[in-house]
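Asks: I'd like to ask some things about the structure below.
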2 protein chains.
Amino acid sequence: MQMPFQLTILGSSSAMPTSSRYPTAQVLNVLGRFFLIDCGEGTQHQIRKNKIGFGKLNHILISHLHGDHFFGLIGLISTQMLLGRKNDLHIFAHSELQRYIQFQLDFLGITDPGFRLVFHPLNFKRPQVISEDDKLTITSFPLKHRIPCCGFRFDEKPKAPNIIKEKIKLYNIPIRDIKRIKAGEDFVAESGAVIPNNQLVIPAPPPRSFAYCSDTAFTETIIDTISGVDLLYHEATFAHDDLKTASETYHSTGVQAAQIARLAGAKKLLIGHFSARYKQPEIILQEAQAIFPNTEAANENETFQIG
Amino acid sequence: MQMPFQLTILGSSSAMPTSSRYPTAQVLNVLGRFFLIDCGEGTQHQIRKNKIGFGKLNHILISHLHGDHFFGLIGLISTQMLLGRKNDLHIFAHSELQRYIQFQLDFLGITDPGFRLVFHPLNFKRPQVISEDDKLTITSFPLKHRIPCCGFRFDEKPKAPNIIKEKIKLYNIPIRDIKRIKAGEDFVAESGAVIPNNQLVIPAPPPRSFAYCSDTAFTETIIDTISGVDLLYHEATFAHDDLKTASETYHSTGVQAAQIARLAGAKKLLIGHFSARYKQPEIILQEAQAIFPNTEAANENETFQIG
């Protein structure tokens, strides 16, 4: 079974929450590590509801400093304190966020939360790799909003192919050669016969990817960075009738989100950040699907498998 | 039909919310005016869920400055802004709260929310009437917690009795006398006969009252102030097995809440602020009921008629 690479929606509303929708927050589960993307009010409640362990959450990415994307942060930090957290908590955000959180901790009289809050300032000028290890690369990239705002792209690293166990026995392959074979080399047997690599391995499943674009007006500058993603989350605050409002507030319509998905060659589009003016975002979804059929609407507590 | 005097529970958990309980918030509906008492994270979401109009909410009372009692305030204020609120919003709280809210507004770049935030500092030394008009008196009083903390008592003003319409006709009572009769006077008919007041009026229903005590350790200093209330809300964070923890953290057990209700001669007790360590607060409720039978446990979205 493949390790998880999946997105859970914690909040899908825009600035004004409704009785059924929370402000923006999503959790990406990459191979059992959890990345929280934005943290509107009520996020910690939704984390509990979705039975996500607070201890497994070590990275928080905040796209921009509008309240509906970060008001839940201080409550989440407080709860981590109450739970006795010890591990560093990494927060990727506008550099000003550190001042905001520090003020709140000072106000609450907290001199030592018991764990380190490690702030990583985002670059709002150009795309930048903000985290990379042997499993995953995370890239931030500027969106087009009223205030500095970043999207995020998550790329799984390509995995080595799996060697076929029966072939190890059949050709008497020594352990020292397995790494080379996994790296793509053929195998030369004791007899001198060359066994081609593709007879020895099963290719790993293709690496998976996810991009997050919220909040943003329609902008083609992001196309290169998000090109070819398996799942694109793009905000779609408004129906196309409200295009003027969308432009004025630097938000997108469902149609525009779908155009971006098509231009980027995304495999699937997920839309959210719906304005409270629509009781059901059905109209936004239909307008998007007319342009990009493989579109779904985000709803609270839904999980989307990626790739 | 009597005008409403009723309490709706928005949040019943203690500092750490659970998947089914929000941090502390309650709304008291007094004759169609809504008073929000404490405002933990997610309160605005719960206000919507309970279909309470944001515009009818003009008074917010914050008992103390622990995060689980006020983290929801900035989100609520933001939403009021988005809704185009114009009316003053009165906030009764520790004087430091103003600095906290002002910092957040500054941080968000909000110079004018479009309505006035009127801060009323609480007195943490002694009971004090904080609001009074012809319908209602609100009194704050100090509780016993780790930081300055106030409880609140709401007293409906006694209402004038209702004059019996048939008697106006029967005795030919002129309009100018009706006010006097309602104030308790007898009526002297044209014939000189004295009609006793109690034959002319139906007494108004007795005035109703509610007291809110959270967060607090057991303290008899509050008894006088809360005496005889129709409904007493008293925190009951812990079961009696955890009495030591309750004392150390300046919280109460269900047993202690019940003792307070009995000493105060309350008609009914409502307990809440349950620690997340109890999956079901049934044990706390049972322990309280053993001492004060007319006790109920607070649950989200329940409404209690008072009096």
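Residues are named by chain letter and number: chains run A, B, ... in the order of the structure tokens, numbers start at 1 in each chain, and ligands are numbered from 1 in the order shown.
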Which of range 179-297 of chain B end up as helix (DSSP H, G or I) when DSSP is run on this backbone - answer as number ranges by chain?
Replies: B: 179-182, 197-199, 220-226, 240-248, 254-264, 282-291
Asks: Can you check which residues of range 94-181 of chain B DSSP gives as strand (DSSP E) on the backbone and send them as JSON, numbers by chain?
Replies: {"B": [117, 118, 119, 120, 121, 128, 129, 130, 131, 132, 136, 137, 138, 139, 140, 141, 142, 150, 151, 152, 153, 154, 155, 156, 162, 163]}
Asks: With a cut-off of 6 Å and counting only C-alpha atoms, select all residues of chain A in contact with chain B and give the selection as a list of chain:residue names.
Replies: A:Ser19, A:Gly42, A:Arg48, A:Lys49
Asks: Using only C-alpha atoms, which residues of range 122-163 of chain B come within 12 Å of range 184-191 of chain B, and what is the closest atom pair for each, with the distance in Å to one decimal? Give it as a Markdown table, sorted by chain and residue number.
Replies:
```
| residue | atom | partner | partner_atom | distance |
| --- | --- | --- | --- | --- |
| B:Lys159 | CA | B:Gly184 | CA | 11.9 |
| B:Ala160 | CA | B:Gly184 | CA | 8.7 |
| B:Pro161 | CA | B:Gly184 | CA | 8.3 |
| B:Asn162 | CA | B:Gly184 | CA | 10.8 |
| B:Ile163 | CA | B:Gly184 | CA | 10.4 |
```
Asks: Can you tell me which residues surround range 255-269 of chain A at a distance of at most 6 Å, considering only C-alpha atoms, apart from same-chain residues fewer than 2 positions away, and format the answer as JSON, numbers by chain?
Replies: {"A": [223, 227, 228, 229, 230, 231, 232, 233, 234, 252, 253, 287, 288, 291, 292, 294, 295]}
Asks: Please measure the separation of CA of His69 in chain B and CA of Leu270 in chain B, giving the value in Å to one decimal.
Replies: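 Computing it gives 18.0 Å between the two atoms.
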Asks: Quick one: residues within 9 Å of Ile62 in chain B, only C-alpha atoms counted, chain neighbours fewer than 5 positions away excluded, as a list of chain:residue names?
Replies: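 Skipping anything fewer than 5 positions along the chain leaves B:Leu36, B:Ile37, B:Asp38, B:Cys39, B:His69, B:Phe70, B:Ile91, B:Phe92, B:Ala93, B:His94, B:Cys149, B:Cys150.
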Asks: Export N, CA, C and O atoms of the chosen residues as a PDB file, in the first residue's frame?
Replies:
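Okay, part05.pdb is ready:
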```pdb
ATOM      1  N   LEU B  36     -23.456  38.586  25.488  1.00  0.00           N
ATOM      2  CA  LEU B  36     -22.491  37.502  25.323  1.00  0.00           C
ATOM      3  C   LEU B  36     -21.579  37.479  26.542  1.00  0.00           C
ATOM      4  O   LEU B  36     -20.972  38.498  26.887  1.00  0.00           O
ATOM      5  N   ILE B  37     -21.492  36.313  27.183  1.00  0.00           N
ATOM      6  CA  ILE B  37     -20.648  36.169  28.368  1.00  0.00           C
ATOM      7  C   ILE B  37     -19.486  35.252  28.010  1.00  0.00           C
ATOM      8  O   ILE B  37     -19.674  34.080  27.733  1.00  0.00           O
ATOM      9  N   ASP B  38     -18.315  35.811  27.974  1.00  0.00           N
ATOM     10  CA  ASP B  38     -17.079  35.158  27.539  1.00  0.00           C
ATOM     11  C   ASP B  38     -17.167  34.811  26.051  1.00  0.00           C
ATOM     12  O   ASP B  38     -18.265  34.747  25.472  1.00  0.00           O
ATOM     13  N   CYS B  39     -15.985  34.658  25.471  1.00  0.00           N
ATOM     14  CA  CYS B  39     -15.944  34.589  24.004  1.00  0.00           C
ATOM     15  C   CYS B  39     -14.721  33.784  23.574  1.00  0.00           C
ATOM     16  O   CYS B  39     -13.783  34.302  22.985  1.00  0.00           O
ATOM     17  N   HIS B  69     -11.265  32.219  27.203  1.00  0.00           N
ATOM     18  CA  HIS B  69     -12.434  33.068  27.487  1.00  0.00           C
ATOM     19  C   HIS B  69     -12.491  34.310  26.598  1.00  0.00           C
ATOM     20  O   HIS B  69     -13.445  35.071  26.684  1.00  0.00           O
ATOM     21  N   PHE B  70     -11.443  34.512  25.750  1.00  0.00           N
ATOM     22  CA  PHE B  70     -11.513  35.720  24.898  1.00  0.00           C
ATOM     23  C   PHE B  70     -10.842  35.604  23.539  1.00  0.00           C
ATOM     24  O   PHE B  70     -10.851  36.565  22.775  1.00  0.00           O
ATOM     25  N   ILE B  91     -17.939  46.454  25.688  1.00  0.00           N
ATOM     26  CA  ILE B  91     -17.177  45.315  26.193  1.00  0.00           C
ATOM     27  C   ILE B  91     -16.788  45.574  27.640  1.00  0.00           C
ATOM     28  O   ILE B  91     -16.081  46.540  27.946  1.00  0.00           O
ATOM     29  N   PHE B  92     -17.276  44.709  28.520  1.00  0.00           N
ATOM     30  CA  PHE B  92     -16.968  44.795  29.946  1.00  0.00           C
ATOM     31  C   PHE B  92     -15.878  43.771  30.232  1.00  0.00           C
ATOM     32  O   PHE B  92     -16.096  42.575  30.059  1.00  0.00           O
ATOM     33  N   ALA B  93     -14.718  44.247  30.681  1.00  0.00           N
ATOM     34  CA  ALA B  93     -13.588  43.331  30.849  1.00  0.00           C
ATOM     35  C   ALA B  93     -12.486  44.002  31.659  1.00  0.00           C
ATOM     36  O   ALA B  93     -12.586  45.183  32.003  1.00  0.00           O
ATOM     37  N   HIS B  94     -11.443  43.248  31.932  1.00  0.00           N
ATOM     38  CA  HIS B  94     -10.242  43.826  32.524  1.00  0.00           C
ATOM     39  C   HIS B  94      -9.732  44.930  31.601  1.00  0.00           C
ATOM     40  O   HIS B  94      -9.766  44.792  30.379  1.00  0.00           O
ATOM     41  N   CYS B 149     -10.556  37.911  38.076  1.00  0.00           N
ATOM     42  CA  CYS B 149     -11.675  37.260  37.387  1.00  0.00           C
ATOM     43  C   CYS B 149     -12.988  37.712  38.024  1.00  0.00           C
ATOM     44  O   CYS B 149     -13.081  37.826  39.236  1.00  0.00           O
ATOM     45  N   CYS B 150     -13.968  38.003  37.204  1.00  0.00           N
ATOM     46  CA  CYS B 150     -15.273  38.445  37.695  1.00  0.00           C
ATOM     47  C   CYS B 150     -16.385  37.484  37.288  1.00  0.00           C
ATOM     48  O   CYS B 150     -16.368  36.938  36.179  1.00  0.00           O
TER      49      CYS B 150
END
```
Asks: Would you kindly return, as JSON, numbers by chain, each protein, DNA or RNA residue with an atom no farther than 7 Å from any atom of Leu117 in chain A, considering only C-alpha atoms and excluding same-chain residues fewer than 6 positions away?
Replies: {"A": [88, 89, 90]}
Asks: Given only C-alpha atoms as the basis, pick out the residue of A:Asn198, A:Gly254, A:Ala211, A:Ile173 nearest to Ala290 in chain A.
Replies: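 Looking only at the distances to Ala290 in chain A, the closest residue turns out to be A:Gly254.
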Asks: With only C-alpha atoms as the counted atoms, please give the residues lying no more than 12 Å from Asp133 in chain B, apart from itself and same-chain residues fewer than 5 positions off, as a PDB file with all heavy atoms, in the first residue's frame.
Replies:
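Result file is part-v8.pdb:
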```pdb
ATOM      1  N   ILE B 138     -27.125  44.697  35.912  1.00  0.00           N
ATOM      2  CA  ILE B 138     -26.027  43.724  35.830  1.00  0.00           C
ATOM      3  C   ILE B 138     -24.978  44.107  36.876  1.00  0.00           C
ATOM      4  O   ILE B 138     -24.539  45.255  36.933  1.00  0.00           O
ATOM      5  CB  ILE B 138     -25.375  43.684  34.440  1.00  0.00           C
ATOM      6  CG1 ILE B 138     -26.432  43.544  33.342  1.00  0.00           C
ATOM      7  CG2 ILE B 138     -24.357  42.551  34.355  1.00  0.00           C
ATOM      8  CD1 ILE B 138     -25.870  43.588  31.928  1.00  0.00           C
ATOM      9  N   PHE B 154     -27.286  38.918  36.665  1.00  0.00           N
ATOM     10  CA  PHE B 154     -28.283  39.655  35.895  1.00  0.00           C
ATOM     11  C   PHE B 154     -29.610  39.613  36.647  1.00  0.00           C
ATOM     12  O   PHE B 154     -30.117  38.524  36.922  1.00  0.00           O
ATOM     13  CB  PHE B 154     -28.485  39.012  34.519  1.00  0.00           C
ATOM     14  CG  PHE B 154     -27.249  39.037  33.647  1.00  0.00           C
ATOM     15  CD1 PHE B 154     -26.196  38.170  33.891  1.00  0.00           C
ATOM     16  CD2 PHE B 154     -27.159  39.931  32.592  1.00  0.00           C
ATOM     17  CE1 PHE B 154     -25.061  38.181  33.085  1.00  0.00           C
ATOM     18  CE2 PHE B 154     -26.026  39.945  31.784  1.00  0.00           C
ATOM     19  CZ  PHE B 154     -24.976  39.080  32.033  1.00  0.00           C
ATOM     20  N   ASP B 155     -30.166  40.769  36.968  1.00  0.00           N
ATOM     21  CA  ASP B 155     -31.453  40.841  37.659  1.00  0.00           C
ATOM     22  C   ASP B 155     -32.456  41.634  36.839  1.00  0.00           C
ATOM     23  O   ASP B 155     -32.243  42.813  36.564  1.00  0.00           O
ATOM     24  CB  ASP B 155     -31.281  41.533  39.021  1.00  0.00           C
ATOM     25  CG  ASP B 155     -30.688  40.614  40.056  1.00  0.00           C
ATOM     26  OD1 ASP B 155     -31.424  39.729  40.544  1.00  0.00           O
ATOM     27  OD2 ASP B 155     -29.476  40.758  40.352  1.00  0.00           O
ATOM     28  N   GLU B 156     -33.511  40.952  36.484  1.00  0.00           N
ATOM     29  CA  GLU B 156     -34.624  41.637  35.845  1.00  0.00           C
ATOM     30  C   GLU B 156     -35.244  42.596  36.859  1.00  0.00           C
ATOM     31  O   GLU B 156     -35.348  42.267  38.042  1.00  0.00           O
ATOM     32  CB  GLU B 156     -35.644  40.579  35.429  1.00  0.00           C
ATOM     33  CG  GLU B 156     -36.568  40.978  34.335  1.00  0.00           C
ATOM     34  CD  GLU B 156     -37.544  39.846  33.976  1.00  0.00           C
ATOM     35  OE1 GLU B 156     -37.676  38.877  34.733  1.00  0.00           O
ATOM     36  OE2 GLU B 156     -38.171  39.969  32.921  1.00  0.00           O
ATOM     37  N   LYS B 157     -35.635  43.786  36.403  1.00  0.00           N
ATOM     38  CA  LYS B 157     -36.309  44.724  37.311  1.00  0.00           C
ATOM     39  C   LYS B 157     -37.738  44.226  37.554  1.00  0.00           C
ATOM     40  O   LYS B 157     -38.366  43.676  36.646  1.00  0.00           O
ATOM     41  CB  LYS B 157     -36.357  46.112  36.660  1.00  0.00           C
ATOM     42  CG  LYS B 157     -35.036  46.865  36.699  1.00  0.00           C
ATOM     43  CD  LYS B 157     -34.800  47.548  38.035  1.00  0.00           C
ATOM     44  CE  LYS B 157     -33.449  48.224  38.127  1.00  0.00           C
ATOM     45  NZ  LYS B 157     -33.388  49.481  37.376  1.00  0.00           N
ATOM     46  N   PRO B 158     -38.260  44.454  38.792  1.00  0.00           N
ATOM     47  CA  PRO B 158     -39.657  44.066  39.040  1.00  0.00           C
ATOM     48  C   PRO B 158     -40.560  44.799  38.053  1.00  0.00           C
ATOM     49  O   PRO B 158     -40.320  45.957  37.731  1.00  0.00           O
ATOM     50  CB  PRO B 158     -39.907  44.547  40.470  1.00  0.00           C
ATOM     51  CG  PRO B 158     -38.555  44.741  41.079  1.00  0.00           C
ATOM     52  CD  PRO B 158     -37.627  45.086  39.958  1.00  0.00           C
TER      53      PRO B 158
END
```
Asks: When you look at Thr303 in chain A with a cut-off of 9 Å (counting only C-alpha atoms), what residues show up, excluding the ones that are within fewer than 5 positions of it in the same chain? I need them as a VMD selection string.
Replies: chain A and resid 6 to 9
Asks: For N, CA, C and O atoms, I'd like the residues from the last selection saved as a PDB file, in the first residue's frame.
Replies:
```
ATOM      1  N   GLN A   6      -2.295  13.054   1.213  1.00  0.00           N
ATOM      2  CA  GLN A   6      -3.720  13.380   1.156  1.00  0.00           C
ATOM      3  C   GLN A   6      -4.026  14.684   1.886  1.00  0.00           C
ATOM      4  O   GLN A   6      -3.332  15.080   2.818  1.00  0.00           O
ATOM      5  N   LEU A   7      -5.076  15.328   1.410  1.00  0.00           N
ATOM      6  CA  LEU A   7      -5.443  16.650   1.912  1.00  0.00           C
ATOM      7  C   LEU A   7      -6.779  16.568   2.648  1.00  0.00           C
ATOM      8  O   LEU A   7      -7.756  16.033   2.123  1.00  0.00           O
ATOM      9  N   THR A   8      -6.832  17.128   3.858  1.00  0.00           N
ATOM     10  CA  THR A   8      -8.092  17.200   4.605  1.00  0.00           C
ATOM     11  C   THR A   8      -8.507  18.663   4.768  1.00  0.00           C
ATOM     12  O   THR A   8      -7.694  19.499   5.164  1.00  0.00           O
ATOM     13  N   ILE A   9      -9.748  18.941   4.425  1.00  0.00           N
ATOM     14  CA  ILE A   9     -10.270  20.312   4.517  1.00  0.00           C
ATOM     15  C   ILE A   9     -10.777  20.555   5.939  1.00  0.00           C
ATOM     16  O   ILE A   9     -11.705  19.881   6.399  1.00  0.00           O
TER      17      ILE A   9
END
```
Asks: Between B:Tyr250, B:Phe115, B:Phe124, B:Tyr171, single out the one closest to Gly151 in chain B, counting only C-alpha atoms.
Replies: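 Selected residue with least distance to Gly151 in chain B: B:Phe124.
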Asks: Please indicate the distance in Å from CA of Gln289 in chain A to CA of Ala236 in chain A, rounded to one decimal place.
Replies: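 Value for the CA of Gln289 in chain A-CA of Ala236 in chain A distance: 12.2 Å.
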